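First up is the structure itself, then whatever we jot down about it.
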Amino acid sequence: MTPSPSVGPGNPDILPPHAPLPLYYKTEAEHQAFLLRIFDSTAADYDRIESVLAFGTGPSYRRAALQQAGLSAGMQVLDVGIGTGLVAREALKLIGSMGHLVGVDPSAGMMSQVKLPGVELVRGVAEALPRPDASCDFVSMGYAMRHISDVAAAFGEFHRVLRPGGRVAVLEITKPEGRVATALLKGYMRAVVPLIARVVGRQRNTSELWRYYWDTIEACIPPERVMQALATAGFCDVRRHASLGVFSSYTATKPEHPAEAS
């Protein structure tokens, strides 16, 4: 696995997705170790819990978001933070037999749960993608931005591996704007979801993962910072599509010519 860049106040070019969360880790080294531990050890439960929480609507939403972002038949796709393959599964339906998908993730445990024929799996991180320049038509990242170290570096890598005219789609969960909505979602994620995880899950620390999940949502940089980071990385036509005030789909295009970047 390629190491992530150094994160901290001494490097002004770094854009972490959120401030450090002392309840789980204190340093960036501890952050990386925590992520590997929590995702490797709970991977077998992930799809089961996600299906319960999304009430079965996850696949249709992911597929629609990818289609809206411009994913179509025959494309070469790089799915960053592939996890157990939830986004990749829907992408395969859109690209068909003539397309190809490569999945990148630092967690060997999560990738061991990917049961998708024809998908190439590569261990690595978003900030240093182990792929050649201009090697794909479409980059996707599903609900993994909050778990990386440097959003700016990751988006720069997305730009590097895309061919001119290539598209990117970043799916995320965003904290609601209103206090009441935030309180309701926080209560659900911090109390109800861990309880469901304890009942449905089989791994003892699955509930910890889902508590951490909310804490990263609450602390995450706002949508305008995400969009600004995409533009700074060189993308144009940067947009955010919001659903229910919580589900965000960020889309952008790598310009055909450098002068087109905004």
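In the structure tokens, chains take letters A, B, ... by order of appearance, with residues numbered from 1 within each chain and ligands from 1 in the order shown.
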
Subject >> Non-local contacts of A:Glu224 (12 Å; only C-alpha atoms; under 3 positions in same chain excluded) as a PyMOL selection string >> reply: chain A and resi 174+220-221+227-231+238-240+248+250

Stretch 194-231 of chain A residues near stretch 34-44 of chain A within 9 Å, closest pair each, using only C-alpha atoms, as a Markdown table:
```
| residue | atom | partner | partner_atom | distance |
| --- | --- | --- | --- | --- |
| A:Gly201 | CA | A:Thr42 | CA | 8.6 |
| A:Arg202 | CA | A:Ala44 | CA | 8.0 |
| A:Gln203 | CA | A:Thr42 | CA | 6.0 |
| A:Arg204 | CA | A:Thr42 | CA | 8.3 |
| A:Asn205 | CA | A:Thr42 | CA | 6.9 |
| A:Thr206 | CA | A:Thr42 | CA | 5.4 |
| A:Glu208 | CA | A:Ile38 | CA | 8.0 |
| A:Leu209 | CA | A:Ile38 | CA | 6.4 |
```

Could you dump the residues just selected with C-alpha atoms as a short mmCIF file (atom, residue, chain, number, x, y, z; two decimals), in the first residue's frame?
```
data_model
loop_
_atom_site.label_atom_id
_atom_site.label_comp_id
_atom_site.auth_asym_id
_atom_site.auth_seq_id
_atom_site.Cartn_x
_atom_site.Cartn_y
_atom_site.Cartn_z
CA GLY A 201 -23.66 -7.80 12.56
CA ARG A 202 -21.42 -10.72 13.38
CA GLN A 203 -18.18 -8.86 14.15
CA ARG A 204 -17.83 -7.39 17.63
CA ASN A 205 -16.67 -3.93 16.52
CA THR A 206 -19.13 -3.38 13.66
CA GLU A 208 -17.89 1.12 16.33
CA LEU A 209 -17.53 1.52 12.58
#
```

**OP:** Taking the DSSP assignment computed from this structure's backbone, write out as a PyMOL selection string all residues of stretch 161-200 of chain A that belong to strand (DSSP E).
**Re:** chain A and resi 162-173

Got time to write the residues from that selection, C-alpha atoms, as a JSON list (two decimals), in the first residue's frame?
```json
[["chain", "number", "residue", "atom", "x", "y", "z"],
["A", 162, "LEU", "CA", -8.50, 10.51, -16.43],
["A", 163, "ARG", "CA", -8.30, 10.98, -20.16],
["A", 164, "PRO", "CA", -9.26, 14.45, -21.48],
["A", 165, "GLY", "CA", -13.04, 14.67, -21.40],
["A", 166, "GLY", "CA", -13.22, 12.03, -18.66],
["A", 167, "ARG", "CA", -15.78, 12.30, -15.87],
["A", 168, "VAL", "CA", -15.63, 11.98, -12.09],
["A", 169, "ALA", "CA", -18.42, 11.18, -9.62],
["A", 170, "VAL", "CA", -17.94, 11.44, -5.86],
["A", 171, "LEU", "CA", -20.87, 10.17, -3.80],
["A", 172, "GLU", "CA", -21.05, 11.27, -0.16],
["A", 173, "ILE", "CA", -23.35, 11.68, 2.81]]
```

Original post:
Counting only C-alpha atoms, which of A:Ala29, A:Ile49, A:Lys93, A:Val200 gets nearest to A:Ala64?
Top reply: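 Of A:Ala29, A:Ile49, A:Lys93, A:Val200, the one nearest A:Ala64, counting only C-alpha atoms, is A:Lys93.
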
**OP:** Within stretch 130-249 of chain A, find each residue whose DSSP state, derived from the backbone, is helix (DSSP H, G or I), and express the selection as number ranges by chain.
**Re:** A: 145-147, 151-161, 179-200, 206-219, 223-232

Subject >> Selection near stretch 111-114 of chain A, 10 Å with only C-alpha atoms, sequence-local residues under 6 positions removed, as a list in words >> reply: Asp40, Ala43, Ala44, Asp45, Tyr46, Asp47, Gly81, Ile82, Gly83, Thr84, Gly85, Leu86, Ala88, Arg89, Gly103, Val104, Asp105, Leu121, Val122 and Arg123 of chain A

Write out the residues from the selection above, keeping N, CA and C atoms, as an mmCIF file, in the first residue's frame.
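What landed in result-v3.cif:
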```cif
data_model
loop_
_atom_site.group_PDB
_atom_site.id
_atom_site.type_symbol
_atom_site.label_atom_id
_atom_site.label_comp_id
_atom_site.auth_asym_id
_atom_site.auth_seq_id
_atom_site.Cartn_x
_atom_site.Cartn_y
_atom_site.Cartn_z
ATOM 1 N N ASP A 40 -10.931 -3.664 7.852
ATOM 2 C CA ASP A 40 -10.564 -5.076 7.666
ATOM 3 C C ASP A 40 -11.404 -5.984 8.551
ATOM 4 N N ALA A 43 -15.426 -5.997 7.521
ATOM 5 C CA ALA A 43 -15.781 -6.114 6.104
ATOM 6 C C ALA A 43 -16.901 -7.124 5.845
ATOM 7 N N ALA A 44 -16.886 -8.222 6.570
ATOM 8 C CA ALA A 44 -17.881 -9.274 6.340
ATOM 9 C C ALA A 44 -19.294 -8.822 6.691
ATOM 10 N N ASP A 45 -19.414 -7.790 7.527
ATOM 11 C CA ASP A 45 -20.727 -7.286 7.943
ATOM 12 C C ASP A 45 -21.215 -6.122 7.094
ATOM 13 N N TYR A 46 -20.324 -5.503 6.336
ATOM 14 C CA TYR A 46 -20.612 -4.192 5.747
ATOM 15 C C TYR A 46 -21.858 -4.199 4.854
ATOM 16 N N ASP A 47 -21.927 -5.099 3.903
ATOM 17 C CA ASP A 47 -23.053 -5.105 2.966
ATOM 18 C C ASP A 47 -24.371 -5.372 3.676
ATOM 19 N N GLY A 81 -11.610 3.513 -3.614
ATOM 20 C CA GLY A 81 -12.286 3.149 -2.373
ATOM 21 C C GLY A 81 -13.406 2.170 -2.668
ATOM 22 N N ILE A 82 -13.081 1.152 -3.451
ATOM 23 C CA ILE A 82 -14.118 0.222 -3.908
ATOM 24 C C ILE A 82 -14.803 -0.498 -2.761
ATOM 25 N N GLY A 83 -14.127 -0.649 -1.629
ATOM 26 C CA GLY A 83 -14.742 -1.325 -0.486
ATOM 27 C C GLY A 83 -15.175 -2.734 -0.839
ATOM 28 N N THR A 84 -16.444 -3.034 -0.568
ATOM 29 C CA THR A 84 -16.982 -4.356 -0.887
ATOM 30 C C THR A 84 -17.594 -4.418 -2.285
ATOM 31 N N GLY A 85 -17.527 -3.305 -3.020
ATOM 32 C CA GLY A 85 -17.985 -3.307 -4.408
ATOM 33 C C GLY A 85 -19.399 -2.812 -4.638
ATOM 34 N N LEU A 86 -19.971 -2.070 -3.701
ATOM 35 C CA LEU A 86 -21.361 -1.634 -3.840
ATOM 36 C C LEU A 86 -21.554 -0.670 -5.014
ATOM 37 N N ALA A 88 -19.268 -0.320 -7.507
ATOM 38 C CA ALA A 88 -18.773 -1.042 -8.685
ATOM 39 C C ALA A 88 -19.844 -1.949 -9.276
ATOM 40 N N ARG A 89 -20.641 -2.569 -8.426
ATOM 41 C CA ARG A 89 -21.684 -3.479 -8.907
ATOM 42 C C ARG A 89 -22.655 -2.745 -9.831
ATOM 43 N N GLY A 103 -10.750 -1.561 -9.382
ATOM 44 C CA GLY A 103 -11.065 -1.061 -8.051
ATOM 45 C C GLY A 103 -9.812 -0.903 -7.217
ATOM 46 N N VAL A 104 -9.694 0.228 -6.528
ATOM 47 C CA VAL A 104 -8.548 0.514 -5.674
ATOM 48 C C VAL A 104 -9.031 0.724 -4.248
ATOM 49 N N ASP A 105 -8.347 0.122 -3.289
ATOM 50 C CA ASP A 105 -8.712 0.294 -1.879
ATOM 51 C C ASP A 105 -7.503 -0.082 -1.019
ATOM 52 N N LEU A 121 -8.696 -5.788 -9.047
ATOM 53 C CA LEU A 121 -8.533 -5.171 -7.739
ATOM 54 C C LEU A 121 -7.066 -4.834 -7.495
ATOM 55 N N VAL A 122 -6.826 -3.604 -7.036
ATOM 56 C CA VAL A 122 -5.473 -3.128 -6.780
ATOM 57 C C VAL A 122 -5.459 -2.443 -5.410
ATOM 58 N N ARG A 123 -4.495 -2.827 -4.585
ATOM 59 C CA ARG A 123 -4.403 -2.196 -3.272
ATOM 60 C C ARG A 123 -3.673 -0.863 -3.396
#
```

Per residue of stretch 27-70 of chain A within 12 Å of stretch 188-195 of chain A, which atom pair is closest and at what distance in Å (one decimal), using only C-alpha atoms, listed by chain and increasing number, as JSON lines?
```
{"residue": "A:Ile49", "atom": "CA", "partner": "A:Val193", "partner_atom": "CA", "distance": 8.7}
{"residue": "A:Glu50", "atom": "CA", "partner": "A:Val193", "partner_atom": "CA", "distance": 9.9}
{"residue": "A:Ser51", "atom": "CA", "partner": "A:Val193", "partner_atom": "CA", "distance": 11.9}
{"residue": "A:Val52", "atom": "CA", "partner": "A:Val193", "partner_atom": "CA", "distance": 9.4}
{"residue": "A:Leu53", "atom": "CA", "partner": "A:Val193", "partner_atom": "CA", "distance": 7.5}
{"residue": "A:Ala54", "atom": "CA", "partner": "A:Val193", "partner_atom": "CA", "distance": 11.0}
```
